[in-house]
$ cat target38.tsv   # TSV, C-alpha atoms
chain	number	residue	atom	x	y	z
R	28	MET	CA	-3.03	0.83	-17.92
R	29	THR	CA	-6.12	2.96	-17.77
R	30	ALA	CA	-6.52	6.55	-16.67
R	31	VAL	CA	-9.80	8.37	-16.34
R	32	THR	CA	-9.13	12.09	-16.16
R	33	ALA	CA	-11.18	15.02	-14.98
R	34	THR	CA	-10.85	18.66	-15.90
R	35	LEU	CA	-9.16	21.03	-13.49
R	36	LEU	CA	-11.26	23.84	-12.11
R	37	THR	CA	-10.53	27.41	-13.15
R	38	GLY	CA	-7.54	28.85	-11.33
R	39	THR	CA	-5.21	25.86	-11.55
R	40	GLY	CA	-4.60	26.00	-15.27
R	41	ALA	CA	-5.41	23.65	-18.13
R	42	ALA	CA	-4.31	20.13	-17.26
R	43	THR	CA	-3.16	17.39	-19.57
R	44	THR	CA	-2.11	13.86	-18.62
R	45	ALA	CA	0.57	11.57	-19.93
R	46	GLN	CA	2.04	8.24	-18.89
R	47	ALA	CA	5.58	6.87	-18.88
R	48	ALA	CA	6.33	3.18	-19.02
R	49	THR	CA	9.04	2.98	-16.39
R	50	VAL	CA	9.21	3.74	-12.69
R	51	ASP	CA	11.95	6.10	-11.56
R	52	THR	CA	14.00	4.15	-9.02
R	53	ASN	CA	16.47	6.96	-8.26
R	54	ALA	CA	14.22	8.88	-5.87
R	55	ARG	CA	15.20	10.03	-2.45
R	56	ASN	CA	13.38	8.47	0.48
R	57	VAL	CA	9.68	8.74	-0.30
R	58	LEU	CA	8.68	9.49	3.28
R	59	GLU	CA	10.97	12.53	3.26
R	60	GLN	CA	8.86	14.18	0.56
R	61	VAL	CA	5.31	13.13	1.48
R	62	HIS	CA	3.03	13.18	4.47
R	63	THR	CA	1.05	10.05	5.16
R	64	ALA	CA	-0.72	8.66	8.19
R	65	GLY	CA	-1.37	5.27	6.64
R	66	ARG	CA	0.14	1.93	7.51
R	67	VAL	CA	3.04	1.78	5.08
R	68	LYS	CA	6.25	-0.21	4.88
R	69	ASP	CA	9.24	2.03	4.17
R	70	ALA	CA	11.50	0.64	1.46
R	71	GLY	CA	13.42	3.88	0.95
R	72	ASN	CA	12.80	4.62	-2.72
R	73	THR	CA	9.26	3.25	-2.39
R	74	VAL	CA	6.63	2.50	0.23
R	75	GLN	CA	4.28	-0.48	0.26
R	76	TYR	CA	0.77	-0.72	1.72
R	77	SER	CA	-2.49	-2.68	1.57
R	78	TRP	CA	-5.26	-0.97	3.55
R	79	PRO	CA	-7.86	1.16	1.73
R	80	GLY	CA	-7.88	4.93	1.94
R	81	VAL	CA	-4.11	5.31	2.37
R	82	TYR	CA	-3.15	8.79	1.21
R	83	PHE	CA	0.04	10.66	0.38
R	84	GLU	CA	0.24	14.45	0.44
R	85	GLY	CA	2.98	16.55	-1.10
R	86	ARG	CA	3.94	20.00	-2.33
R	87	PHE	CA	5.64	21.02	-5.54
R	88	ARG	CA	6.47	24.08	-7.60
R	89	GLY	CA	6.05	24.14	-11.35
R	90	THR	CA	3.76	23.24	-14.20
R	91	GLY	CA	3.37	19.53	-13.59
R	92	VAL	CA	3.69	16.62	-11.22
R	93	GLY	CA	4.36	12.94	-11.76
R	94	ILE	CA	2.97	10.17	-9.55
R	95	VAL	CA	5.13	7.03	-9.42
R	96	LEU	CA	3.10	3.85	-8.88
R	97	SER	CA	3.36	0.10	-9.20
R	98	ASP	CA	-0.14	-1.26	-8.69
R	99	SER	CA	-2.25	-3.47	-10.92
R	100	ALA	CA	-5.07	-3.98	-8.42
R	101	ALA	CA	-6.14	-0.69	-6.78
R	102	ASP	CA	-7.67	2.55	-8.05
R	103	TYR	CA	-6.54	6.04	-7.05
R	104	ASP	CA	-7.65	9.64	-7.12
R	105	VAL	CA	-5.12	12.40	-7.75
R	106	GLN	CA	-5.98	15.79	-6.30
R	107	VAL	CA	-4.13	19.00	-7.09
R	108	ASP	CA	-4.88	22.07	-4.99
R	109	GLY	CA	-7.90	20.30	-3.53
R	110	THR	CA	-9.47	19.32	-6.85
R	111	THR	CA	-9.59	15.76	-8.22
R	112	VAL	CA	-7.82	15.91	-11.57
R	113	ALA	CA	-7.45	12.21	-12.40
R	114	THR	CA	-8.73	8.80	-11.41
R	115	LEU	CA	-6.20	6.04	-12.07
R	116	VAL	CA	-7.76	2.62	-12.59
R	117	THR	CA	-5.31	-0.22	-11.82
R	118	PRO	CA	-2.44	1.92	-13.16
R	119	GLY	CA	0.27	-0.76	-13.19
R	120	ASN	CA	3.92	0.35	-13.36
R	121	THR	CA	3.78	3.99	-14.33
R	122	THR	CA	4.69	7.56	-13.70
R	123	HIS	CA	1.41	9.35	-14.32
R	124	TRP	CA	1.86	13.03	-15.16
R	125	ILE	CA	-0.45	15.94	-14.54
R	126	ASN	CA	0.80	18.75	-16.76
R	127	GLY	CA	-0.30	22.19	-17.92
R	128	LEU	CA	-0.59	23.73	-14.45
R	129	GLN	CA	0.18	27.33	-13.64
R	130	ASN	CA	3.85	27.80	-12.77
R	131	GLN	CA	3.48	28.24	-9.04
R	132	GLU	CA	3.38	26.25	-5.80
R	133	HIS	CA	0.77	23.48	-5.63
R	134	THR	CA	-0.40	20.75	-3.28
R	135	VAL	CA	-0.88	17.19	-4.50
R	136	ARG	CA	-2.69	14.33	-2.84
R	137	LEU	CA	-2.82	10.69	-3.93
R	138	VAL	CA	-5.43	8.47	-2.27
R	139	LYS	CA	-6.16	4.76	-2.66
R	140	ARG	CA	-9.87	4.41	-3.40
R	141	ASN	CA	-10.61	0.76	-2.72
R	142	ASP	CA	-9.66	-2.32	-0.73
R	143	THR	CA	-7.30	-4.83	-2.34
R	144	PRO	CA	-6.25	-7.10	0.55
R	145	GLY	CA	-4.85	-9.79	-1.73
R	146	ASP	CA	-2.32	-7.42	-3.30
R	147	THR	CA	0.48	-5.12	-2.23
R	148	SER	CA	0.52	-1.56	-3.56
R	149	THR	CA	3.73	0.41	-4.16
R	150	PHE	CA	4.18	4.20	-4.33
R	151	GLY	CA	7.45	5.73	-5.50
R	152	GLY	CA	6.82	9.36	-4.65
R	153	PHE	CA	6.08	12.54	-6.55
R	154	ARG	CA	8.18	14.06	-9.36
R	155	ALA	CA	8.24	17.65	-10.54
R	156	ALA	CA	8.02	18.53	-14.22
R	157	PRO	CA	11.22	19.97	-15.77
R	158	GLY	CA	12.00	23.36	-14.28
R	159	GLY	CA	10.01	22.63	-11.13
R	160	ALA	CA	10.80	21.07	-7.77
R	161	VAL	CA	9.23	18.87	-5.14
R	162	LEU	CA	9.03	20.93	-1.96
R	163	SER	CA	9.14	19.99	1.69
R	164	ARG	CA	6.31	17.72	2.80
R	165	PRO	CA	3.16	19.17	4.38
R	166	ALA	CA	2.94	19.14	8.14
R	167	ALA	CA	1.06	16.39	9.92
R	168	ARG	CA	-2.24	17.33	11.50
R	169	ASP	CA	-2.50	17.50	15.27
R	170	ARG	CA	-5.58	15.29	15.38
R	171	GLN	CA	-5.57	11.58	14.51
R	172	ILE	CA	-8.48	9.15	14.16
R	173	GLU	CA	-8.37	5.43	13.44
R	174	PHE	CA	-11.41	3.72	11.91
R	175	ILE	CA	-11.70	-0.05	12.30
R	176	GLY	CA	-14.38	-1.98	10.45
R	177	ASP	CA	-15.61	-4.02	7.51
R	178	SER	CA	-16.99	-3.16	4.07
R	179	LEU	CA	-19.28	-0.48	5.51
R	180	THR	CA	-16.20	1.32	6.80
R	181	VAL	CA	-14.36	0.77	3.50
R	182	GLY	CA	-17.09	2.51	1.50
R	183	TYR	CA	-17.89	-0.65	-0.49
R	184	GLY	CA	-19.70	0.26	-3.72
R	185	ASN	CA	-20.77	3.62	-2.32
R	186	LEU	CA	-20.72	5.32	-5.73
R	187	SER	CA	-22.84	2.65	-7.42
R	188	THR	CA	-26.11	3.56	-9.09
R	189	SER	CA	-27.43	0.04	-8.51
R	190	ARG	CA	-27.50	-2.45	-5.67
R	191	ASP	CA	-26.74	-5.21	-8.17
R	192	CYS	CA	-23.00	-5.15	-8.90
R	193	THR	CA	-20.44	-7.42	-10.47
R	194	SER	CA	-17.10	-7.83	-8.73
R	195	ASP	CA	-15.55	-5.37	-11.17
R	196	GLN	CA	-18.33	-2.85	-10.57
R	197	VAL	CA	-17.73	-3.08	-6.82
R	198	LYS	CA	-14.06	-2.24	-7.36
R	199	ARG	CA	-14.77	0.72	-9.62
R	200	THR	CA	-17.55	2.19	-7.45
R	201	THR	CA	-15.83	1.85	-4.07
R	202	ASN	CA	-14.35	5.13	-2.88
R	203	THR	CA	-12.92	4.99	0.63
R	204	ASP	CA	-12.09	8.68	0.37
R	205	LEU	CA	-15.86	9.31	0.48
R	206	SER	CA	-16.56	6.86	3.32
R	207	TYR	CA	-18.06	8.14	6.55
R	208	GLY	CA	-14.70	7.81	8.29
R	209	ALA	CA	-12.72	9.83	5.77
R	210	LEU	CA	-15.45	12.48	5.65
R	211	THR	CA	-15.58	12.72	9.45
R	212	ALA	CA	-11.81	13.02	9.78
R	213	ARG	CA	-11.60	15.79	7.20
R	214	ARG	CA	-14.42	17.68	8.86
R	215	LEU	CA	-12.45	17.51	12.11
R	216	ASN	CA	-9.14	18.36	10.36
R	217	ALA	CA	-7.65	15.07	11.47
R	218	ASP	CA	-5.24	12.62	9.92
R	219	TYR	CA	-6.74	9.17	9.72
R	220	GLN	CA	-6.42	5.49	8.97
R	221	ILE	CA	-9.27	3.48	7.44
R	222	ASN	CA	-8.38	-0.01	8.62
R	223	GLY	CA	-11.35	-1.72	7.02
R	224	TYR	CA	-11.54	-5.23	5.56
R	225	SER	CA	-14.64	-6.26	3.62
R	226	GLY	CA	-16.46	-9.42	4.65
R	227	LEU	CA	-14.73	-10.02	7.96
R	228	GLY	CA	-16.13	-9.97	11.47
R	229	MET	CA	-14.94	-10.07	15.04
R	230	VAL	CA	-15.36	-13.87	15.32
R	231	ARG	CA	-17.46	-14.86	12.27
R	232	ASN	CA	-17.17	-13.65	8.70
R	233	TYR	CA	-19.99	-13.04	6.23
R	234	ASN	CA	-22.14	-16.16	5.88
R	235	GLY	CA	-19.59	-18.15	7.87
R	236	GLY	CA	-16.90	-17.90	5.18
R	237	SER	CA	-13.15	-18.39	5.73
R	238	PRO	CA	-13.61	-19.71	9.29
R	239	ASP	CA	-9.86	-19.95	9.87
R	240	VAL	CA	-9.46	-16.14	9.93
R	241	THR	CA	-11.30	-13.07	11.25
R	242	TYR	CA	-10.70	-9.35	11.16
R	243	ARG	CA	-8.45	-9.74	14.18
R	244	THR	CA	-6.13	-11.99	12.13
R	245	PHE	CA	-5.20	-9.03	9.95
R	246	TYR	CA	-5.47	-6.01	12.22
R	247	ASP	CA	-1.77	-5.80	13.11
R	248	ARG	CA	-0.55	-6.01	9.52
R	249	ALA	CA	0.62	-3.40	7.07
R	250	LEU	CA	0.64	-5.86	4.15
R	251	LEU	CA	-2.56	-7.84	4.42
R	252	ASN	CA	-1.52	-10.66	2.10
R	253	VAL	CA	1.73	-11.34	3.97
R	254	SER	CA	1.11	-13.87	6.73
R	255	GLY	CA	2.57	-12.76	10.03
R	256	ASP	CA	3.37	-9.26	8.84
R	257	VAL	CA	3.33	-6.63	11.58
R	258	TRP	CA	3.11	-2.90	10.90
R	259	GLN	CA	5.91	-0.98	12.58
R	260	ASN	CA	4.45	2.22	13.95
R	261	PRO	CA	7.08	4.91	13.31
R	262	GLY	CA	6.04	6.49	16.59
R	263	THR	CA	4.01	9.21	14.95
R	264	TRP	CA	0.67	7.37	15.02
R	265	ARG	CA	-0.97	8.13	18.36
R	266	PRO	CA	-4.70	8.52	17.65
R	267	GLN	CA	-6.74	10.44	20.17
R	268	LEU	CA	-9.81	8.61	18.86
R	269	VAL	CA	-10.44	5.06	17.61
R	270	VAL	CA	-13.83	4.15	16.12
R	271	VAL	CA	-14.66	0.42	15.99
R	272	ASN	CA	-17.54	-0.76	13.80
R	273	LEU	CA	-17.40	-4.56	13.64
R	274	GLY	CA	-20.33	-6.94	13.92
R	275	THR	CA	-22.37	-6.73	10.74
R	276	ASN	CA	-20.68	-9.80	9.24
R	277	ASP	CA	-20.86	-11.73	12.50
R	278	PHE	CA	-24.65	-11.50	12.71
R	279	SER	CA	-26.11	-10.48	9.31
R	280	THR	CA	-26.60	-14.06	8.07
R	281	PRO	CA	-28.07	-17.10	9.86
R	282	VAL	CA	-25.64	-19.65	11.23
R	283	ASN	CA	-25.20	-22.38	8.62
R	284	PRO	CA	-25.28	-26.13	9.29
R	285	GLY	CA	-21.77	-27.21	10.16
R	286	GLU	CA	-20.71	-23.93	11.73
R	287	PRO	CA	-19.58	-24.27	15.36
R	288	TRP	CA	-22.12	-21.78	16.67
R	289	THR	CA	-25.52	-21.45	18.19
R	290	SER	CA	-27.05	-18.00	18.41
R	291	ASP	CA	-26.11	-17.81	22.08
R	292	SER	CA	-22.58	-19.12	21.71
R	293	LEU	CA	-21.90	-16.77	18.79
R	294	ALA	CA	-23.05	-13.78	20.82
R	295	ALA	CA	-20.93	-14.86	23.80
R	296	ALA	CA	-17.84	-15.41	21.65
R	297	TYR	CA	-18.39	-12.04	19.98
R	298	ARG	CA	-18.59	-10.23	23.32
R	299	GLY	CA	-15.49	-11.99	24.61
R	300	ALA	CA	-13.43	-11.24	21.52
R	301	TYR	CA	-14.67	-7.65	21.41
R	302	GLY	CA	-13.65	-7.11	25.02
R	303	ASP	CA	-10.20	-8.54	24.33
R	304	PHE	CA	-9.86	-6.34	21.24
R	305	LEU	CA	-10.72	-3.21	23.21
R	306	GLN	CA	-8.11	-4.16	25.81
R	307	LYS	CA	-5.57	-4.54	23.02
R	308	LEU	CA	-6.37	-1.05	21.77
R	309	ARG	CA	-6.18	0.36	25.28
R	310	THR	CA	-2.79	-1.28	25.86
R	311	ARG	CA	-1.50	-0.03	22.52
R	312	TYR	CA	-2.67	3.57	22.70
R	313	GLY	CA	-3.01	4.27	26.43
R	314	THR	CA	-5.66	5.91	28.54
R	315	GLY	CA	-5.53	9.17	26.59
R	316	THR	CA	-7.26	7.60	23.60
R	317	THR	CA	-11.05	7.61	23.43
R	318	ILE	CA	-12.50	4.45	21.91
R	319	VAL	CA	-15.95	4.63	20.32
R	320	ALA	CA	-17.69	1.28	19.88
R	321	VAL	CA	-20.40	1.44	17.23
R	322	GLY	CA	-23.59	-0.55	17.62
R	323	THR	CA	-26.44	-0.90	15.20
R	324	GLY	CA	-29.03	-3.44	14.12
R	325	GLN	CA	-28.60	-7.01	15.25
R	326	PHE	CA	-25.40	-6.47	17.20
R	327	ALA	CA	-26.25	-3.23	19.01
R	328	ASP	CA	-27.13	-4.95	22.29
R	329	GLN	CA	-23.95	-7.00	22.21
R	330	VAL	CA	-21.76	-3.92	21.79
R	331	GLN	CA	-23.61	-2.12	24.55
R	332	GLN	CA	-22.89	-4.99	26.91
R	333	VAL	CA	-19.20	-4.92	26.02
R	334	VAL	CA	-18.97	-1.16	26.61
R	335	THR	CA	-20.83	-1.42	29.91
R	336	ALA	CA	-18.41	-4.11	31.08
R	337	ARG	CA	-15.43	-1.91	30.20
R	338	ASN	CA	-16.95	1.07	31.98
R	339	ASP	CA	-17.78	-1.02	35.04
R	340	ALA	CA	-14.16	-2.17	35.10
R	341	GLY	CA	-13.03	1.45	35.31
R	342	ASP	CA	-12.35	2.32	31.66
R	343	GLY	CA	-14.48	5.41	31.11
R	344	GLY	CA	-12.68	6.16	27.85
R	345	VAL	CA	-14.75	3.58	25.96
R	346	ARG	CA	-17.97	5.10	24.63
R	347	TYR	CA	-20.96	3.51	22.94
R	348	TRP	CA	-22.41	5.13	19.84
R	349	SER	CA	-25.70	3.97	18.37
R	350	LEU	CA	-25.53	4.32	14.59
R	351	ASP	CA	-28.94	5.65	13.59
R	352	THR	CA	-29.85	4.21	10.19
R	353	SER	CA	-33.01	6.29	9.71
R	354	GLY	CA	-32.94	8.15	6.40
R	355	LEU	CA	-30.30	5.90	4.85
R	356	ASP	CA	-31.07	4.49	1.41
R	357	PHE	CA	-28.53	1.61	1.30
R	358	LEU	CA	-28.19	2.13	-2.44
R	359	GLY	CA	-24.55	1.06	-2.57
R	360	CYS	CA	-23.57	-2.27	-4.05
R	361	HIS	CA	-25.31	-5.20	-2.33
R	362	TRP	CA	-27.25	-2.95	0.04
R	363	HIS	CA	-24.23	-1.14	1.40
R	364	TYR	CA	-24.11	2.54	2.30
R	365	SER	CA	-24.34	4.93	-0.61
R	366	ALA	CA	-22.28	8.12	-0.79
R	367	HIS	CA	-25.41	9.87	0.50
R	368	ASP	CA	-25.50	7.50	3.47
R	369	ASP	CA	-21.82	8.06	4.21
R	370	ARG	CA	-22.46	11.81	4.37
R	371	VAL	CA	-25.43	11.35	6.71
R	372	ILE	CA	-23.50	9.00	8.99
R	373	SER	CA	-20.55	11.39	9.01
R	374	ASP	CA	-22.85	14.23	10.06
R	375	ARG	CA	-24.18	12.16	12.96
R	376	LEU	CA	-20.80	10.81	14.01
R	377	THR	CA	-19.17	14.24	13.89
R	378	THR	CA	-21.90	15.60	16.15
R	379	PHE	CA	-21.37	12.73	18.58
R	380	ILE	CA	-17.59	13.23	18.64
R	381	ALA	CA	-18.06	16.96	19.20
R	382	GLY	CA	-19.83	16.10	22.46
R	383	LEU	CA	-16.97	13.99	23.79
R	384	PRO	CA	-14.27	15.40	26.12
R	385	MET	CA	-11.54	14.85	23.56
R	386	ASN	CA	-8.93	17.40	24.72
R	387	TRP	CA	-7.56	17.93	21.27
$ encode --input "target38.tsv" --output "structure tokens"
Amino acid sequence: MTAVTATLLTGTGAATTAQAATVDTNARNVLEQVHTAGRVKDAGNTVQYSWPGVYFEGRFRGTGVGIVLSDSAADYDVQVDGTTVATLVTPGNTTHWINGLQNQEHTVRLVKRNDTPGDTSTFGGFRAAPGGAVLSRPAARDRQIEFIGDSLTVGYGNLSTSRDCTSDQVKRTTNTDLSYGALTARRLNADYQINGYSGLGMVRNYNGGSPDVTYRTFYDRALLNVSGDVWQNPGTWRPQLVVVNLGTNDFSTPVNPGEPWTSDSLAAAYRGAYGDFLQKLRTRYGTGTTIVAVGTGQFADQVQQVVTARNDAGDGGVRYWSLDTSGLDFLGCHWHYSAHDDRVISDRLTTFIAGLPMNW
């Protein structure tokens, strides 16, 4: 178990951290004490999840808070009163304590930093230090946004100082909480899901890999590594806005010998699958949801054609957004967006959304 801790800012008290070896299994239902908008499976004393950027928000009174986790794959940030006080690197089975706070009411937020689709993460809730208490959960926000995409939506390696990264460096420098989607949602005071999966495309994955699956194989799941899993929406997830950014992996590499595509057939299959995917979203969320289809680079024209077809068919709630890459440095791992780029994109996307008739 590894914990990288940061110092609390003045006003929240001097913080210390400690770790316990066992997970408290006698908690009340986790979802009764925390607010989350993520795709989680409710197991009562714990919740399980796989997608990046899943967050849990709570309130407590006292001088410390414990975070109950069972996760040997993902990294997390812990924020108290809006300040990041600890980064937990593959914490394992632990109750991680933040102590030494002022004896008053506090907010706490736990957020999963990276994508670990081959593993299932487990959260067992928050605990109050002796003499304190976990308080009622924070209220949900009125606005909800769902972001659908690949590694660029995940925030892959966005904190890296080099484009050359090992697999471990990618994991440590990915921070979905600083991705353009998370930034945009917070600027709009919206709850959000970051349903991003690195390397996958609408019909073709990066460099033609894993041809038996695509992003659409996994979209319905809560637990990505469980074949056939389907997330059960508790009825509270009704996003007014869905942003789809899929296509980079479909078109960023040339078609390899042996792949069942020509340039024309790949583009046609992409447009067909994209249209079907938009219909699925429309059926799921209804006509009150605005869907923004993102186009950029090699697949911009394809997305435009899909949006035009939807509009011509009478669905005016699908909008095309051209992602302007001017001024981006692509200094993240393997030429992905840097944290700077995520901020720039968020600025541009927020401006675009502000011009839509959202009625929220």
$ atom_distance --input "target38.tsv" --atom1 "atom CA of R:Ser77" --atom2 "atom CA of R:Thr317"
25.6 Å
$ residues_around --input "target38.tsv" --residues "R:Arg66" --least-positions-apart "4" --cutoff "9 Å" --atoms "only C-alpha atoms" --output "PyMOL selection string"
chain R and resi 75-78+81+220+222+248-250+258-260
$ write_last_selection --input "target38.tsv" --atoms "C-alpha atoms" --output "PDB file, keeping the file's coordinate frame"
ATOM      1  CA  GLN R  75       4.280  -0.480   0.260  1.00  0.00           C
ATOM      2  CA  TYR R  76       0.770  -0.720   1.720  1.00  0.00           C
ATOM      3  CA  SER R  77      -2.490  -2.680   1.570  1.00  0.00           C
ATOM      4  CA  TRP R  78      -5.260  -0.970   3.550  1.00  0.00           C
ATOM      5  CA  VAL R  81      -4.110   5.310   2.370  1.00  0.00           C
ATOM      6  CA  GLN R 220      -6.420   5.490   8.970  1.00  0.00           C
ATOM      7  CA  ASN R 222      -8.380  -0.010   8.620  1.00  0.00           C
ATOM      8  CA  ARG R 248      -0.550  -6.010   9.520  1.00  0.00           C
ATOM      9  CA  ALA R 249       0.620  -3.400   7.070  1.00  0.00           C
ATOM     10  CA  LEU R 250       0.640  -5.860   4.150  1.00  0.00           C
ATOM     11  CA  TRP R 258       3.110  -2.900  10.900  1.00  0.00           C
ATOM     12  CA  GLN R 259       5.910  -0.980  12.580  1.00  0.00           C
ATOM     13  CA  ASN R 260       4.450   2.220  13.950  1.00  0.00           C
TER      14      ASN R 260
END
$ closest_residue --input "target38.tsv" --among "R:Phe174, R:Tyr312, R:Phe379, R:Phe245" --to "R:Leu273" --atoms "only C-alpha atoms"
R:Phe174
$ closest_residue --input "target38.tsv" --among "R:Thr63, R:Ser225, R:Thr121, R:Ser148" --to "R:Leu179" --atoms "only C-alpha atoms"
R:Ser225
$ closest_residue --input "target38.tsv" --among "R:Ser189, R:Asn202, R:Ser254, R:Ser178" --to "R:Asn232" --atoms "only C-alpha atoms"
R:Ser178
$ closest_residue --input "target38.tsv" --among "R:Trp362, R:Val321, R:Ser373, R:Gly315" --to "R:Trp348" --atoms "all atoms listed in the file"
R:Val321
$ closest_residue --input "target38.tsv" --among "R:Thr200, R:Asn216, R:Thr110, R:Thr134" --to "R:His62" --atoms "only C-alpha atoms"
R:Thr134
$ residues_near_point --input "target38.tsv" --point "(-11.4, 0.1, 5.4)" --cutoff "10 Å" --atoms "all atoms listed in the file" --output "count of residues only"
28
$ closest_residue --input "target38.tsv" --among "R:Val161, R:Arg298, R:Lys307, R:Gly285" --to "R:Gln331" --atoms "only C-alpha atoms"
R:Arg298
$ residues_near_point --input "target38.tsv" --point "(9.3, 6.1, 3.0)" --cutoff "8 Å" --atoms "all atoms listed in the file" --output "count of residues only"
12
$ atom_distance --input "target38.tsv" --atom1 "atom CA of R:Thr188" --atom2 "atom CA of R:Val105"
22.8 Å
$ residues_around --input "target38.tsv" --residues "R:Ala327" --least-positions-apart "5" --cutoff "10 Å" --atoms "all atoms listed in the file" --output "count of residues only"
10
$ atom_distance --input "target38.tsv" --atom1 "atom CA of R:Asn386" --atom2 "atom CA of R:Val270"
16.5 Å
